[in-house]
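Encoded as structure tokens, the structure appears first; notes follow it.
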Amino acid sequence: MTEDQARADLARLAASIAAANDAYHRKDTPEISDAEYDRLKRRNLAIEDQFPDLKRDDSPTDQVGARPADGFTKVSHAVRMMSLGNAFDDEDVAGFDSSVRKYLGLGDTSLTYTAEPKIDGLSLSLRYEHGKLVQAATRGDGETGENVTANARTISDIPTRLNGAPDILEVRGEVYMSHADFADLNDRQEQAGAKPFANPRNAAAGSLRQLDPEITRARPLRFFAYAWGEISDPLAETQFGAVERLKGMGFSTNDLTIRCHGVADLLSHYRAIEEQRATLPYDIDGVVYKVDDLGFQARLGFRSTTPRWAIAHKFPAELAWTRLETIDIQVGRTGALSPVARLTPVTVGGVVVSNATLHNEDYIQGRDSKGETIRDGKDIRIGDWVQVYRAGDVIPKVADVDLSKRPEGTQPFKFPTTCPECGSEAIREDGDAIRRCSGGVICPAQAVEKLKHFVSRAAFDIEGLGAKQVEQFHGDGWIQEPADIFTLEDRFSNGLQQLKNREGWGDKSATNLFDAIREKRTIPLARLIFSLGIRHVGEVAARDLALHYRNWTALTTSVDLARPAALAHRAADREEEAERRAAAQDGRRARVSDVRSATIAACSVSEDATAAWADLVGVDGIGATLALSLSDALANTDERAAFDRLTAMLTIVPPDAPSNDSPVAGKTVVFTGTLEKMTRAEAKARAEALGAKVSGSVSAKTHLLVAGPGAGSKAKKAADLGIEVLNEDGWLALIGDA
Ligand code: IVH
């Protein structure tokens with residue numbers, strides 16, 4: 001190749017790649033396949049390698065292909081955007097109703113709810129100030145979403161001005177696409193040679209999240225209003241009334257919303273909506289029930305991510321039959337070996353499914369986690385004709401197998417006993433349905449999965465460093481463990497240079513990445529705890545631990561101190577299990593508590609360790625299984641060293657101090673006896689919302705005992721310890737609820 005040819009080729013490639021980028025990222029209508037795109041980029045790089053002096057200023061090598069150059073700005077929601085708990089059958093609905101009535105202390109009185117379709121779209125929060133639309137944001141992780149104001153303004157169902165609205169009003173609802181508009185859009189996509197959208201929901205999401213609002217304008221999106229966030233004046237006294245007011249202000253609301261009295265009424269509306277589902281012009285995936293009285297809603301409040309006053313009653317999963325081509329074993333971040341079904345692609349409820357979970361080895365063999373027979377004991381084999389289903393957003397599952405279609409010569413599936421990724425022994429502990437790789441840090445699959453978890457949205461959420469990039473960097477040997485992310489820049493004296501020479505990385509993206517990493521050196525304690533990927537420690541538990549211990553050193557010191565008690569607890573679990581088995585064999589009653597206390601006594605654990613363990617398992621929401629797993633992770637020398645290397649590089653921010661204006665902030669409160677004005681659950685939730693810790697037992701650490709009629713030993717113990725005791729009215733007066 002001559003220099004002139006090279007120059008001409010580089011110019012042509014730069015133009016083609018730029019056009020492909022534009023089609024993919026801005027118009028959402030890819031014009032060439034991924035493979036063809038990669039080929040162009042590789043060819044460009046090869047010519048640049050041969051003629052470095054000819055590299056263009058706008059070289060595609062320096063541009064990021066994987067994501068748009070500019071993202072949306074972030075919006076912090078004034079009131080968290082919640083999701084909904086799910087009910088899958090009539091029993092779940094009855095359970096929801098009875099827990100609501102119990103929480104409110106309503107006895108057998110039937111409660112009024114609203115029931116409305118659950119629209120299968122994406123939620124959007126619209127902020128109006130003095131009647132003017134000032135901001136529209138997607139849900140994101142519930143706390144922070146994306147600013148899509150310019151796009152929302154192009155949706156005709158969304159008024160930009162309101163009459164008679166409170167000064168501040170955040171309207172929440174669902175953006176969706178109708179079936180007819182979806183079909184038209186896909187026709188247009190196909191005519192343009194672009195990939196059609198899999199379903200109206202994906203089309204709506206893809207259309208709303210366009211950087212160019214003109215593209216959104218060309219996509220026929222709609223909006224139903226069904227809830228609200230921050231609000232300066234209440235809209236009404238009931239859910240139904242509030243939605244009526246939104247309708248009066250010009251919003252589209254769903255006309256299948258009705259008021260129902262009690263469970264039977266809810267279920268009959270559910271059946272009515274289910275019957276109409278196929279004829280509705282938009283997708284729905286269930287029916288949402290909400291407590292109608294807004295006073296009750298306020299009392300019920302929220303769990304960490306869902307309201308107590310609402311639930312989504314989902315429609316049954318959609319089913320399809322297909323061939324099981326093979327079974328792959330994936331290794332997760334905690335070493336779990338998960339069997340994945342690779343299927344002949346089949347459409348299930350509008351989405352093409354080619355992978356599905358098979359849960360674990362027992363499931364494949366026809367047993368559930370308790371060892372009971374499922375599917376009449378039929379096992380699942382490679383080559384089988386299997387039934388696949390999707391329930392909501394969750395990963396598709398293999399449910400059943402048709403033995404009449406089993407090909408000849410199939411063999412039962414042999415679950416591996418070594419890790420397919422690192423060859424270490426894969427061990428299944430007593431009572432655990434999961435077989436796990438014992439390779440720990442030496443297993444590359446575990447390391448990569450841990451890293452992916454570490455950078456995920458609820459964890460460190462580093463812009464520009466997602467699962468794909470982490471895999472790339474791990475493969476290149478640049479990042480082995482989380483701490484390496486923070487030394488990435490330093491380890492290359494010419495880090496930028498190295499990074500930008502990689503395909504897909506340019507000057508700007510490399511600088512942005514290092515900036516984003518630097519920004520996350522300061523991290524809230526709860527996020528840090530969650531990001532470590534410790535088994536059983538999810539987002540909620542991480543938040544609870546952060547609130548309780550308040551800093552990393554306090555947490556680790558206390559959990560270290562509790563270690564002997566944790567081990568004694570595990571030994572006691574094992575002895576207890578052995579006793580149960582022996583007793584079952586001898587046909588006698590198991591002496592569980594004797595065996596437990598004898599084992600714990602034999603371990604002669606110090607008082608300090610016992611107290612530290614009691615403190616840990618005393619944290620609301622932290623059970624013994626989680627506490628043991630946390631203790632194991634911190635006691636594992638390799639893992640602990642990796643945590644230490646990481647935390648040495650971070651500034652860890654303690655959780656917000658409980659609101660100081662509350663007289664019970666930071667205090668430990670115990671409720672005992674009968675409460676007459678509220679239920680125990682409500683009292684606990686209210687106290688916690690005011691920054692108090694609620695404990696079940698009285699100890700020297702208790703600040704306050706709230707005792708109703710019938711209080712017994714706890715009241716006596718509190719008196720002995722000189723702890724302040726209040727009756728229910730005294731408590732309500734103290735917290736200003738009287
Ligand atoms: S109410 C605090 N009502 O379902 C409660 N949500 O699975 C806020 N959704 O995030 C939600 N139709 O995006 C509500 N009629 C409806 C809904 C609805 C669809 C979506 C919403 C929510 C998700 C939870």
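Here's how to read the names in the structure tokens: chain A, B, ... by the order shown, residue numbers from 1 in each chain, ligand numbers from 1 in the order shown.
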
Contact check, chain A to ligand 1, at most 7 Å, counting only C-alpha atoms and all ligand atoms, closest pairs as a Markdown table:
```
| residue | atom | partner | partner_atom_place_in_ligand_line | distance |
| --- | --- | --- | --- | --- |
| A:Met81 | CA | ligand 1 | 2 (C) | 6.7 |
| A:Met82 | CA | ligand 1 | 2 (C) | 4.7 |
| A:Ser83 | CA | ligand 1 | 24 (C) | 4.0 |
| A:Leu84 | CA | ligand 1 | 24 (C) | 4.3 |
| A:Glu116 | CA | ligand 1 | 15 (N) | 5.5 |
| A:Pro117 | CA | ligand 1 | 15 (N) | 5.5 |
| A:Lys118 | CA | ligand 1 | 12 (N) | 3.5 |
| A:Ile119 | CA | ligand 1 | 12 (N) | 4.0 |
| A:Asp120 | CA | ligand 1 | 19 (C) | 5.9 |
| A:Gly121 | CA | ligand 1 | 13 (O) | 6.7 |
| A:Leu122 | CA | ligand 1 | 13 (O) | 5.1 |
| A:Ser123 | CA | ligand 1 | 13 (O) | 4.0 |
| A:Gly173 | CA | ligand 1 | 18 (C) | 6.9 |
| A:Glu174 | CA | ligand 1 | 13 (O) | 5.8 |
| A:Tyr226 | CA | ligand 1 | 3 (N) | 5.5 |
| A:Ala227 | CA | ligand 1 | 1 (S) | 6.0 |
| A:Val288 | CA | ligand 1 | 15 (N) | 5.6 |
| A:Thr306 | CA | ligand 1 | 2 (C) | 6.6 |
| A:Pro307 | CA | ligand 1 | 2 (C) | 5.6 |
| A:Ala310 | CA | ligand 1 | 5 (C) | 6.7 |
| A:Ala312 | CA | ligand 1 | 7 (O) | 6.7 |
```

Could the residues in this selection be saved with N, CA and C atoms as a PDB file, in the first residue's frame?
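Everything below was put into result_28.pdb:
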```
ATOM      1  N   MET A  81     -38.109   7.498  43.804  1.00  0.00           N
ATOM      2  CA  MET A  81     -39.094   6.822  42.954  1.00  0.00           C
ATOM      3  C   MET A  81     -39.095   5.343  43.317  1.00  0.00           C
ATOM      4  N   MET A  82     -40.250   4.885  43.749  1.00  0.00           N
ATOM      5  CA  MET A  82     -40.333   3.535  44.302  1.00  0.00           C
ATOM      6  C   MET A  82     -40.705   2.521  43.225  1.00  0.00           C
ATOM      7  N   SER A  83     -40.452   1.253  43.510  1.00  0.00           N
ATOM      8  CA  SER A  83     -41.038   0.226  42.647  1.00  0.00           C
ATOM      9  C   SER A  83     -42.150  -0.453  43.458  1.00  0.00           C
ATOM     10  N   LEU A  84     -42.675  -1.539  42.979  1.00  0.00           N
ATOM     11  CA  LEU A  84     -43.815  -2.159  43.659  1.00  0.00           C
ATOM     12  C   LEU A  84     -43.493  -3.597  44.039  1.00  0.00           C
ATOM     13  N   GLU A 116     -56.005  -0.674  39.181  1.00  0.00           N
ATOM     14  CA  GLU A 116     -55.780  -0.098  37.858  1.00  0.00           C
ATOM     15  C   GLU A 116     -54.772  -0.954  37.107  1.00  0.00           C
ATOM     16  N   PRO A 117     -54.766  -0.906  35.785  1.00  0.00           N
ATOM     17  CA  PRO A 117     -53.807  -1.726  35.034  1.00  0.00           C
ATOM     18  C   PRO A 117     -52.372  -1.315  35.347  1.00  0.00           C
ATOM     19  N   LYS A 118     -51.499  -2.291  35.320  1.00  0.00           N
ATOM     20  CA  LYS A 118     -50.068  -2.005  35.443  1.00  0.00           C
ATOM     21  C   LYS A 118     -49.539  -1.888  34.018  1.00  0.00           C
ATOM     22  N   ILE A 119     -49.186  -0.681  33.643  1.00  0.00           N
ATOM     23  CA  ILE A 119     -48.771  -0.400  32.265  1.00  0.00           C
ATOM     24  C   ILE A 119     -47.335  -0.869  32.064  1.00  0.00           C
ATOM     25  N   ASP A 120     -47.099  -1.557  30.954  1.00  0.00           N
ATOM     26  CA  ASP A 120     -45.750  -2.073  30.712  1.00  0.00           C
ATOM     27  C   ASP A 120     -44.956  -1.054  29.903  1.00  0.00           C
ATOM     28  N   GLY A 121     -44.437  -0.063  30.594  1.00  0.00           N
ATOM     29  CA  GLY A 121     -43.648   0.980  29.936  1.00  0.00           C
ATOM     30  C   GLY A 121     -42.485   1.333  30.827  1.00  0.00           C
ATOM     31  N   LEU A 122     -42.172   2.634  30.929  1.00  0.00           N
ATOM     32  CA  LEU A 122     -41.128   3.020  31.874  1.00  0.00           C
ATOM     33  C   LEU A 122     -41.592   4.253  32.630  1.00  0.00           C
ATOM     34  N   SER A 123     -41.205   4.329  33.897  1.00  0.00           N
ATOM     35  CA  SER A 123     -41.773   5.405  34.696  1.00  0.00           C
ATOM     36  C   SER A 123     -41.011   6.708  34.492  1.00  0.00           C
ATOM     37  N   GLY A 173     -45.782   8.830  36.360  1.00  0.00           N
ATOM     38  CA  GLY A 173     -46.608   7.936  35.562  1.00  0.00           C
ATOM     39  C   GLY A 173     -45.755   7.136  34.612  1.00  0.00           C
ATOM     40  N   GLU A 174     -46.427   6.539  33.637  1.00  0.00           N
ATOM     41  CA  GLU A 174     -45.750   5.595  32.754  1.00  0.00           C
ATOM     42  C   GLU A 174     -45.728   6.106  31.318  1.00  0.00           C
ATOM     43  N   TYR A 226     -50.281   8.357  37.237  1.00  0.00           N
ATOM     44  CA  TYR A 226     -50.912   7.529  38.269  1.00  0.00           C
ATOM     45  C   TYR A 226     -50.391   7.783  39.678  1.00  0.00           C
ATOM     46  N   ALA A 227     -49.395   8.665  39.843  1.00  0.00           N
ATOM     47  CA  ALA A 227     -48.845   8.890  41.190  1.00  0.00           C
ATOM     48  C   ALA A 227     -48.167  10.252  41.227  1.00  0.00           C
ATOM     49  N   VAL A 288     -52.506  -3.031  39.493  1.00  0.00           N
ATOM     50  CA  VAL A 288     -51.906  -2.445  40.695  1.00  0.00           C
ATOM     51  C   VAL A 288     -53.016  -2.080  41.684  1.00  0.00           C
ATOM     52  N   THR A 306     -40.098  -0.229  48.263  1.00  0.00           N
ATOM     53  CA  THR A 306     -41.501  -0.382  47.845  1.00  0.00           C
ATOM     54  C   THR A 306     -42.451   0.179  48.904  1.00  0.00           C
ATOM     55  N   PRO A 307     -43.596   0.727  48.455  1.00  0.00           N
ATOM     56  CA  PRO A 307     -44.563   1.208  49.443  1.00  0.00           C
ATOM     57  C   PRO A 307     -45.273   0.033  50.116  1.00  0.00           C
ATOM     58  N   ALA A 310     -49.196  -0.427  48.493  1.00  0.00           N
ATOM     59  CA  ALA A 310     -49.540  -0.816  47.115  1.00  0.00           C
ATOM     60  C   ALA A 310     -48.881  -2.128  46.770  1.00  0.00           C
ATOM     61  N   ALA A 312     -48.393  -4.932  43.085  1.00  0.00           N
ATOM     62  CA  ALA A 312     -48.713  -5.240  41.684  1.00  0.00           C
ATOM     63  C   ALA A 312     -49.109  -6.711  41.607  1.00  0.00           C
TER      64      ALA A 312
END
```

Within 7 Å of region 411-434 of chain A: each region 341-388 of chain A residue with its shortest pair, only C-alpha atoms, as CSV:
```
residue,atom,partner,partner_atom,distance
A:Asn360,CA,A:Ile434,CA,6.2
A:Glu361,CA,A:Phe415,CA,6.3
A:Ser369,CA,A:Ala433,CA,5.9
A:Arg381,CA,A:Phe413,CA,5.6
```

Could the residues in this selection be written to a file with C-alpha atoms, as a short mmCIF file (atom, residue, chain, number, x, y, z; two decimals), in the first residue's frame?
```cif
data_model
loop_
_atom_site.label_atom_id
_atom_site.label_comp_id
_atom_site.auth_asym_id
_atom_site.auth_seq_id
_atom_site.Cartn_x
_atom_site.Cartn_y
_atom_site.Cartn_z
CA ASN A 360 -29.14 -25.82 40.18
CA GLU A 361 -28.26 -29.49 39.88
CA SER A 369 -34.39 -27.19 47.33
CA ARG A 381 -31.42 -33.57 29.47
#
```

Members of region 256-394 of chain A assigned strand (DSSP E or B) by DSSP, as a compact mmCIF listing (two decimals) with N, CA and C atoms, in the first residue's frame:
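And here is the file that came out, states_27.txt:
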```
# COMPACT_ATOMS: atom_id res chain seq x y z
N ILE A 258 -60.56 1.76 39.09
CA ILE A 258 -61.80 1.83 39.89
C ILE A 258 -61.49 1.69 41.38
N ARG A 259 -62.51 2.00 42.19
CA ARG A 259 -62.39 1.76 43.63
C ARG A 259 -62.94 0.38 43.94
N CYS A 260 -62.27 -0.36 44.83
CA CYS A 260 -62.73 -1.70 45.22
C CYS A 260 -62.80 -1.77 46.73
N HIS A 261 -63.74 -2.58 47.23
CA HIS A 261 -63.85 -2.74 48.69
C HIS A 261 -63.53 -4.18 49.04
N ILE A 284 -50.07 -4.40 29.07
CA ILE A 284 -50.12 -4.30 30.53
C ILE A 284 -49.62 -5.64 31.08
N ASP A 285 -49.05 -5.63 32.28
CA ASP A 285 -48.54 -6.90 32.79
C ASP A 285 -49.09 -7.25 34.16
N GLY A 286 -50.17 -6.56 34.56
CA GLY A 286 -50.79 -6.91 35.83
C GLY A 286 -51.77 -5.82 36.24
N VAL A 287 -52.20 -5.90 37.49
CA VAL A 287 -53.12 -4.89 38.03
C VAL A 287 -52.49 -4.36 39.32
N VAL A 288 -52.51 -3.03 39.49
CA VAL A 288 -51.91 -2.44 40.70
C VAL A 288 -53.02 -2.08 41.68
N TYR A 289 -52.86 -2.52 42.94
CA TYR A 289 -53.81 -2.15 43.99
C TYR A 289 -53.15 -1.14 44.92
N LYS A 290 -53.88 -0.07 45.24
CA LYS A 290 -53.33 0.95 46.15
C LYS A 290 -54.36 1.26 47.23
N VAL A 291 -53.93 1.39 48.46
CA VAL A 291 -54.84 1.80 49.53
C VAL A 291 -55.38 3.18 49.16
N ASP A 293 -57.20 5.54 50.90
CA ASP A 293 -57.13 6.64 51.87
C ASP A 293 -55.68 7.14 51.99
N PHE A 302 -43.15 3.37 53.64
CA PHE A 302 -42.39 2.59 52.67
C PHE A 302 -41.44 1.61 53.33
N PRO A 307 -43.60 0.73 48.45
CA PRO A 307 -44.56 1.21 49.44
C PRO A 307 -45.27 0.03 50.12
N ALA A 310 -49.20 -0.43 48.49
CA ALA A 310 -49.54 -0.82 47.12
C ALA A 310 -48.88 -2.13 46.77
N ILE A 311 -49.46 -2.81 45.79
CA ILE A 311 -48.86 -4.06 45.30
C ILE A 311 -49.26 -4.26 43.84
N ALA A 312 -48.39 -4.93 43.08
CA ALA A 312 -48.71 -5.24 41.68
C ALA A 312 -49.11 -6.71 41.61
N HIS A 313 -50.32 -6.97 41.18
CA HIS A 313 -50.79 -8.36 40.99
C HIS A 313 -50.48 -8.72 39.54
N LYS A 314 -49.45 -9.54 39.36
CA LYS A 314 -48.95 -9.81 38.01
C LYS A 314 -49.80 -10.86 37.29
N GLU A 318 -45.79 -16.04 30.71
CA GLU A 318 -46.06 -16.54 29.37
C GLU A 318 -45.16 -17.75 29.09
N LEU A 319 -45.70 -18.68 28.33
CA LEU A 319 -45.02 -19.97 28.14
C LEU A 319 -44.72 -20.24 26.68
N ALA A 320 -43.69 -21.06 26.42
CA ALA A 320 -43.41 -21.53 25.06
C ALA A 320 -42.59 -22.81 25.17
N TRP A 321 -42.64 -23.62 24.12
CA TRP A 321 -41.84 -24.87 24.10
C TRP A 321 -40.72 -24.73 23.08
N THR A 322 -39.55 -25.28 23.41
CA THR A 322 -38.43 -25.25 22.46
C THR A 322 -37.42 -26.34 22.81
N ARG A 323 -36.36 -26.44 21.99
CA ARG A 323 -35.35 -27.49 22.20
C ARG A 323 -34.23 -26.97 23.09
N LEU A 324 -33.79 -27.81 24.03
CA LEU A 324 -32.63 -27.48 24.87
C LEU A 324 -31.38 -27.95 24.13
N GLU A 325 -30.61 -26.98 23.62
CA GLU A 325 -29.46 -27.37 22.77
C GLU A 325 -28.27 -27.81 23.60
N THR A 326 -28.00 -27.08 24.65
CA THR A 326 -26.92 -27.52 25.54
C THR A 326 -27.08 -26.85 26.91
N ILE A 327 -26.29 -27.31 27.87
CA ILE A 327 -26.32 -26.68 29.20
C ILE A 327 -24.92 -26.16 29.49
N ASP A 328 -24.81 -24.85 29.71
CA ASP A 328 -23.52 -24.26 30.10
C ASP A 328 -23.52 -24.02 31.59
N ILE A 329 -22.32 -24.02 32.15
CA ILE A 329 -22.22 -23.72 33.59
C ILE A 329 -21.54 -22.37 33.75
N GLN A 330 -22.23 -21.44 34.41
CA GLN A 330 -21.62 -20.13 34.65
C GLN A 330 -21.17 -20.05 36.11
N VAL A 331 -20.07 -19.34 36.33
CA VAL A 331 -19.56 -19.20 37.69
C VAL A 331 -19.81 -17.77 38.14
N ALA A 336 -20.77 -19.57 42.89
CA ALA A 336 -21.89 -20.48 42.60
C ALA A 336 -21.83 -20.94 41.15
N LEU A 337 -22.00 -22.25 40.94
CA LEU A 337 -22.06 -22.80 39.59
C LEU A 337 -23.52 -22.82 39.17
N SER A 338 -23.86 -22.03 38.16
CA SER A 338 -25.26 -21.96 37.73
C SER A 338 -25.42 -22.56 36.35
N PRO A 339 -26.34 -23.53 36.23
CA PRO A 339 -26.57 -24.11 34.91
C PRO A 339 -27.46 -23.20 34.07
N VAL A 340 -27.01 -22.93 32.85
CA VAL A 340 -27.79 -22.07 31.95
C VAL A 340 -28.20 -22.90 30.73
N ALA A 341 -29.49 -22.86 30.41
CA ALA A 341 -30.00 -23.59 29.25
C ALA A 341 -29.77 -22.75 28.01
N ARG A 342 -29.12 -23.32 27.01
CA ARG A 342 -29.01 -22.67 25.69
C ARG A 342 -30.08 -23.29 24.82
N LEU A 343 -31.00 -22.44 24.35
CA LEU A 343 -32.21 -22.93 23.70
C LEU A 343 -32.24 -22.58 22.22
N THR A 344 -32.96 -23.35 21.46
CA THR A 344 -33.29 -22.91 20.11
C THR A 344 -34.19 -21.69 20.31
N PRO A 345 -33.83 -20.53 19.74
CA PRO A 345 -34.57 -19.31 20.05
C PRO A 345 -36.08 -19.46 19.84
N VAL A 346 -36.84 -18.93 20.78
CA VAL A 346 -38.30 -19.04 20.72
C VAL A 346 -38.88 -17.74 21.26
N THR A 347 -40.04 -17.32 20.74
CA THR A 347 -40.64 -16.08 21.23
C THR A 347 -41.55 -16.39 22.42
N VAL A 348 -41.27 -15.73 23.53
CA VAL A 348 -42.10 -15.90 24.72
C VAL A 348 -42.64 -14.52 25.07
N VAL A 351 -40.86 -11.60 23.27
CA VAL A 351 -39.41 -11.44 23.36
C VAL A 351 -38.75 -12.75 22.95
N VAL A 352 -37.69 -12.63 22.15
CA VAL A 352 -37.00 -13.85 21.71
C VAL A 352 -36.09 -14.32 22.84
N VAL A 353 -36.29 -15.57 23.24
CA VAL A 353 -35.52 -16.13 24.35
C VAL A 353 -34.60 -17.22 23.83
N SER A 354 -33.30 -17.11 24.14
CA SER A 354 -32.40 -18.20 23.74
C SER A 354 -31.61 -18.75 24.92
N ASN A 355 -31.73 -18.09 26.08
CA ASN A 355 -31.08 -18.60 27.30
C ASN A 355 -32.11 -18.61 28.41
N ALA A 356 -31.97 -19.57 29.31
CA ALA A 356 -32.86 -19.59 30.46
C ALA A 356 -32.14 -20.25 31.62
N THR A 357 -32.56 -19.94 32.83
CA THR A 357 -31.89 -20.54 33.98
C THR A 357 -32.47 -21.92 34.27
N ARG A 367 -35.73 -32.27 41.49
CA ARG A 367 -36.00 -32.08 42.92
C ARG A 367 -35.91 -30.60 43.27
N THR A 373 -39.83 -33.99 45.24
CA THR A 373 -39.92 -34.22 43.81
C THR A 373 -40.65 -33.08 43.10
N TRP A 385 -37.14 -31.48 24.75
CA TRP A 385 -38.13 -30.48 24.36
C TRP A 385 -38.62 -29.87 25.67
N VAL A 386 -38.32 -28.58 25.90
CA VAL A 386 -38.60 -28.01 27.23
C VAL A 386 -39.55 -26.82 27.17
N GLN A 387 -40.23 -26.59 28.29
CA GLN A 387 -41.14 -25.44 28.38
C GLN A 387 -40.42 -24.29 29.07
N VAL A 388 -40.50 -23.10 28.46
CA VAL A 388 -39.81 -21.93 28.99
C VAL A 388 -40.85 -20.89 29.38
N TYR A 389 -40.61 -20.15 30.46
CA TYR A 389 -41.56 -19.09 30.80
C TYR A 389 -40.84 -17.85 31.28
N ARG A 390 -41.52 -16.73 31.13
CA ARG A 390 -41.01 -15.46 31.64
C ARG A 390 -42.05 -14.92 32.61
```

What's the 8 Å shell around region 599-614 of chain A, counting only C-alpha atoms, without same-chain residues fewer than 4 positions away, as a PDB file with N, CA, C and O atoms, in the first residue's frame?
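Now in part_6.pdb:
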```
ATOM      1  N   SER A 558     -15.704  -4.620  65.127  1.00  0.00           N
ATOM      2  CA  SER A 558     -16.737  -5.323  65.870  1.00  0.00           C
ATOM      3  C   SER A 558     -16.963  -6.730  65.310  1.00  0.00           C
ATOM      4  O   SER A 558     -17.112  -7.696  66.061  1.00  0.00           O
ATOM      5  N   VAL A 559     -16.962  -6.846  63.975  1.00  0.00           N
ATOM      6  CA  VAL A 559     -17.180  -8.175  63.376  1.00  0.00           C
ATOM      7  C   VAL A 559     -15.975  -9.080  63.677  1.00  0.00           C
ATOM      8  O   VAL A 559     -16.131 -10.274  63.943  1.00  0.00           O
ATOM      9  N   LEU A 561     -14.130  -8.905  66.346  1.00  0.00           N
ATOM     10  CA  LEU A 561     -14.264  -9.258  67.765  1.00  0.00           C
ATOM     11  C   LEU A 561     -15.280 -10.390  67.936  1.00  0.00           C
ATOM     12  O   LEU A 561     -15.131 -11.266  68.790  1.00  0.00           O
ATOM     13  N   ALA A 562     -16.318 -10.360  67.082  1.00  0.00           N
ATOM     14  CA  ALA A 562     -17.394 -11.353  67.208  1.00  0.00           C
ATOM     15  C   ALA A 562     -17.019 -12.713  66.621  1.00  0.00           C
ATOM     16  O   ALA A 562     -17.770 -13.679  66.762  1.00  0.00           O
ATOM     17  N   ARG A 563     -15.854 -12.805  65.964  1.00  0.00           N
ATOM     18  CA  ARG A 563     -15.508 -14.025  65.216  1.00  0.00           C
ATOM     19  C   ARG A 563     -15.637 -15.319  66.046  1.00  0.00           C
ATOM     20  O   ARG A 563     -16.269 -16.273  65.587  1.00  0.00           O
ATOM     21  N   PRO A 564     -15.055 -15.395  67.261  1.00  0.00           N
ATOM     22  CA  PRO A 564     -15.180 -16.658  68.011  1.00  0.00           C
ATOM     23  C   PRO A 564     -16.647 -17.032  68.255  1.00  0.00           C
ATOM     24  O   PRO A 564     -17.021 -18.207  68.182  1.00  0.00           O
ATOM     25  N   ALA A 565     -17.480 -16.021  68.483  1.00  0.00           N
ATOM     26  CA  ALA A 565     -18.905 -16.304  68.711  1.00  0.00           C
ATOM     27  C   ALA A 565     -19.561 -16.767  67.417  1.00  0.00           C
ATOM     28  O   ALA A 565     -20.430 -17.650  67.426  1.00  0.00           O
ATOM     29  N   ALA A 566     -19.110 -16.204  66.290  1.00  0.00           N
ATOM     30  CA  ALA A 566     -19.668 -16.627  64.996  1.00  0.00           C
ATOM     31  C   ALA A 566     -19.341 -18.093  64.757  1.00  0.00           C
ATOM     32  O   ALA A 566     -20.199 -18.883  64.341  1.00  0.00           O
ATOM     33  N   ALA A 568     -18.663 -20.325  67.006  1.00  0.00           N
ATOM     34  CA  ALA A 568     -19.424 -21.145  67.956  1.00  0.00           C
ATOM     35  C   ALA A 568     -20.851 -21.334  67.444  1.00  0.00           C
ATOM     36  O   ALA A 568     -21.426 -22.425  67.530  1.00  0.00           O
ATOM     37  N   HIS A 569     -21.378 -20.284  66.877  1.00  0.00           N
ATOM     38  CA  HIS A 569     -22.731 -20.340  66.337  1.00  0.00           C
ATOM     39  C   HIS A 569     -22.809 -21.369  65.207  1.00  0.00           C
ATOM     40  O   HIS A 569     -23.732 -22.175  65.136  1.00  0.00           O
ATOM     41  N   ALA A 571     -20.735 -23.903  64.747  1.00  0.00           N
ATOM     42  CA  ALA A 571     -20.556 -25.247  65.323  1.00  0.00           C
ATOM     43  C   ALA A 571     -21.883 -25.719  65.911  1.00  0.00           C
ATOM     44  O   ALA A 571     -22.292 -26.881  65.728  1.00  0.00           O
ATOM     45  N   ALA A 572     -22.578 -24.798  66.578  1.00  0.00           N
ATOM     46  CA  ALA A 572     -23.865 -25.158  67.199  1.00  0.00           C
ATOM     47  C   ALA A 572     -24.888 -25.543  66.128  1.00  0.00           C
ATOM     48  O   ALA A 572     -25.654 -26.499  66.309  1.00  0.00           O
ATOM     49  N   GLU A 575     -24.011 -29.094  65.073  1.00  0.00           N
ATOM     50  CA  GLU A 575     -24.373 -30.084  66.106  1.00  0.00           C
ATOM     51  C   GLU A 575     -25.889 -30.246  66.154  1.00  0.00           C
ATOM     52  O   GLU A 575     -26.414 -31.336  66.338  1.00  0.00           O
ATOM     53  N   VAL A 595     -28.354 -29.177  72.981  1.00  0.00           N
ATOM     54  CA  VAL A 595     -27.167 -29.397  72.163  1.00  0.00           C
ATOM     55  C   VAL A 595     -26.530 -28.067  71.787  1.00  0.00           C
ATOM     56  O   VAL A 595     -25.322 -27.875  71.856  1.00  0.00           O
ATOM     57  N   GLY A 618     -28.244  -8.386  66.220  1.00  0.00           N
ATOM     58  CA  GLY A 618     -29.321  -7.537  66.744  1.00  0.00           C
ATOM     59  C   GLY A 618     -29.690  -6.420  65.769  1.00  0.00           C
ATOM     60  O   GLY A 618     -30.724  -5.776  65.923  1.00  0.00           O
TER      61      GLY A 618
END
```

Problem - Near-region 620-637 of chain A list (8 Å; only C-alpha atoms; drop same-chain fewer than 4 positions) as number ranges by chain - result: A: 534-537, 541, 544, 556, 559-560, 562-563, 566, 570, 616, 641, 694-695

Problem - Residue neighbourhood Thr651 (chain A), 12 Å, only C-alpha atoms, exclusion window fewer than 2 positions, as a PyMOL selection string - result: chain A and resi 518-525+528+551-552+646-649+653-654

Exercise for the section: Run DSSP on the backbone of this structure and report the residues of region 403-440 of chain A it assigns to helix (DSSP H, G or I), as an NGL selection string. Expected result: :A and (403-405 or 440)
